[in-house]
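Asker: A single structure is presented below for examination.
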Amino acid sequence: MRTKLSLSLGLILVLALNGGWLIQKQSALASPTVLAGSLQGGCYLATPTTCKIEVEPFTIDIAPAQTLLGFQLTANGQNIYDFGASTTNAPTDNYTPSSVALDFAASCGTTYSLQLEAQDTGDLGLVTIGQTAPFKCPTASFKHYVPLINK
């Protein structure tokens with residue numbers, strides 16, 4: 001009798017596990033499909049009183065069978081560059097932004113951290129694909145101009 005009861009309970013447990021009664025299904029999160037290499041950047045004095053952030057050229061690697069929808073570059077959480085791809089001729093495979101878009105105004109003496117986010121047709125939203133370590137812009141060196149009067 002005890003053997004039959006144990007067998008019955010074991011059978012019910014196996015059926016419950018196979019039928020999903022005791023196991024809750026969890027939805028899977030899609031992994032990002034857009035990828036990139038490293039993001040490098042720094043700050044320099046553009047004039048004696050103004051600074052600029054320079055971003056080294058970078059390549060956004062796009063997953064096979066996907067197209068780039070856009071990317072954003074932020075400095076300290078503030079959007080400094082927002083790129084939206086053409087809907088008729090969007091980049092595929094790899095995309096390297098032109099060097100015209102790689103220098104940005106900055107405040108001298110301020111510490112910055114850059115972040116690159118991108119999205120392709122396989123992603124639900126922007127995905128962080130690169131980030132710099134914090135770097136500090138140099139302090140501006142003000143020059144005083146004193147005209148010399150000759151007699």
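Ordering of the structure tokens sets the chain letters (A, B, ...); residue numbers start at 1 within each chain; ligands are numbered from 1 in the order shown.
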Any idea what's packed within 8 Å of Ala75 (chain A), counting only C-alpha atoms, ignoring anything in its chain fewer than 2 positions away? Could you give it as a ChimeraX atom specification?
Answerer: /A:73,77-80,112-115
Asker: Go through region 58-89 of chain A and flag each residue having an atom no more than 9 Å from region 124-144 of chain A; for those, report the closest pair of atoms plus their distance in Å to one decimal, using only C-alpha atoms, ordered by chain and rising number, as a Markdown table.
Answerer:
| residue | atom | partner | partner_atom | distance |
| --- | --- | --- | --- | --- |
| A:Ile60 | CA | A:Ile129 | CA | 8.5 |
| A:Gly70 | CA | A:Leu126 | CA | 8.3 |
| A:Phe71 | CA | A:Leu126 | CA | 7.4 |
| A:Gln72 | CA | A:Leu126 | CA | 8.3 |
Asker: Residues of the last selection are to be written out with N, CA and C atoms, as a PDB file, in the first residue's frame.
Answerer:
ATOM      1  N   ILE A  60      30.975  51.393 -35.791  1.00  0.00           N
ATOM      2  CA  ILE A  60      29.831  50.675 -35.236  1.00  0.00           C
ATOM      3  C   ILE A  60      29.633  49.425 -36.088  1.00  0.00           C
ATOM      4  N   GLY A  70      20.283  54.377 -35.847  1.00  0.00           N
ATOM      5  CA  GLY A  70      20.857  55.623 -35.363  1.00  0.00           C
ATOM      6  C   GLY A  70      21.793  55.386 -34.202  1.00  0.00           C
ATOM      7  N   PHE A  71      22.482  56.466 -33.802  1.00  0.00           N
ATOM      8  CA  PHE A  71      23.339  56.399 -32.620  1.00  0.00           C
ATOM      9  C   PHE A  71      23.388  57.762 -31.962  1.00  0.00           C
ATOM     10  N   GLN A  72      23.750  57.772 -30.688  1.00  0.00           N
ATOM     11  CA  GLN A  72      23.889  59.008 -29.912  1.00  0.00           C
ATOM     12  C   GLN A  72      25.214  58.984 -29.175  1.00  0.00           C
TER      13      GLN A  72
END
Asker: Considering only C-alpha atoms, can you say which of A:Glu54, A:Leu45, A:Tyr95, A:Gly109 comes closest to Leu68 (chain A)?
Answerer: A:Tyr95
Asker: When DSSP is applied to the backbone of this structure, which of region 76-125 of chain A are assigned strand (DSSP E)? Write them out as a list in words.
Answerer: Gln78, Asn79, Ile80, Tyr81, Asp82, Phe83, Gly84, Asn94, Tyr95, Asp103, Phe104, Ala105, Ala106, Thr111, Tyr112, Leu114, Gln115, Leu116, Glu117, Ala118, Gln119 and Asp120 of chain A
Asker: Quote the spacing between CA of Thr59 (chain A) and CA of Thr111 (chain A) in Å to one decimal place.
Answerer: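 The value is 24.7 Å.
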Asker: Which residue, A:Gln66, A:Cys43, A:Phe83, A:Thr92, has the smallest gap to Leu116 (chain A) when you use only C-alpha atoms?
Answerer: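 Using only C-alpha atoms, Leu116 (chain A) sits closest to A:Phe83.
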Asker: I'd like the interatomic distance between CA of Ala63 (chain A) and CA of Phe104 (chain A), to a tenth of an Å.
Answerer: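 Result for CA of Ala63 (chain A) versus CA of Phe104 (chain A): 28.7 Å, one decimal.
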Asker: Can you tell me how far CA of Asn76 (chain A) sits from CA of Ile62 (chain A), in Å to one decimal?
Answerer: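 CA of Ile62 (chain A) lies 25.4 Å from CA of Asn76 (chain A).
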Asker: Give me, as number ranges by chain, all polymer residues having an atom no more than 6 Å from Leu69 (chain A), counting only C-alpha atoms and skipping those fewer than 2 positions away in the same chain.
Answerer: A: 85, 119-120
Asker: Mind checking which residues fall within 6 Å of Ala106 (chain A), counting only C-alpha atoms, ignoring those fewer than 2 positions away in the same chain, and posting them as a ChimeraX atom specification?
Answerer: /A:51-53
Asker: Next, dump the selected residues to file, keeping only N, CA and C atoms, as a short mmCIF file (atom, residue, chain, number, x, y, z; two decimals), in the first residue's frame.
Answerer:
data_model
loop_
_atom_site.label_atom_id
_atom_site.label_comp_id
_atom_site.auth_asym_id
_atom_site.auth_seq_id
_atom_site.Cartn_x
_atom_site.Cartn_y
_atom_site.Cartn_z
N CYS A 51 37.87 75.23 -24.87
CA CYS A 51 38.24 73.81 -24.94
C CYS A 51 37.29 73.06 -25.87
N LYS A 52 37.77 71.93 -26.39
CA LYS A 52 36.96 71.05 -27.21
C LYS A 52 37.20 69.61 -26.82
N ILE A 53 36.13 68.82 -26.90
CA ILE A 53 36.23 67.38 -26.71
C ILE A 53 36.51 66.78 -28.09
#
Asker: Which of these residues is nearest to Thr96 (chain A), using only C-alpha atoms: A:Phe58, A:Tyr81, A:Asp123, A:Leu39?
Answerer: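 The shortest atom-to-atom distance to Thr96 (chain A) comes from A:Phe58.
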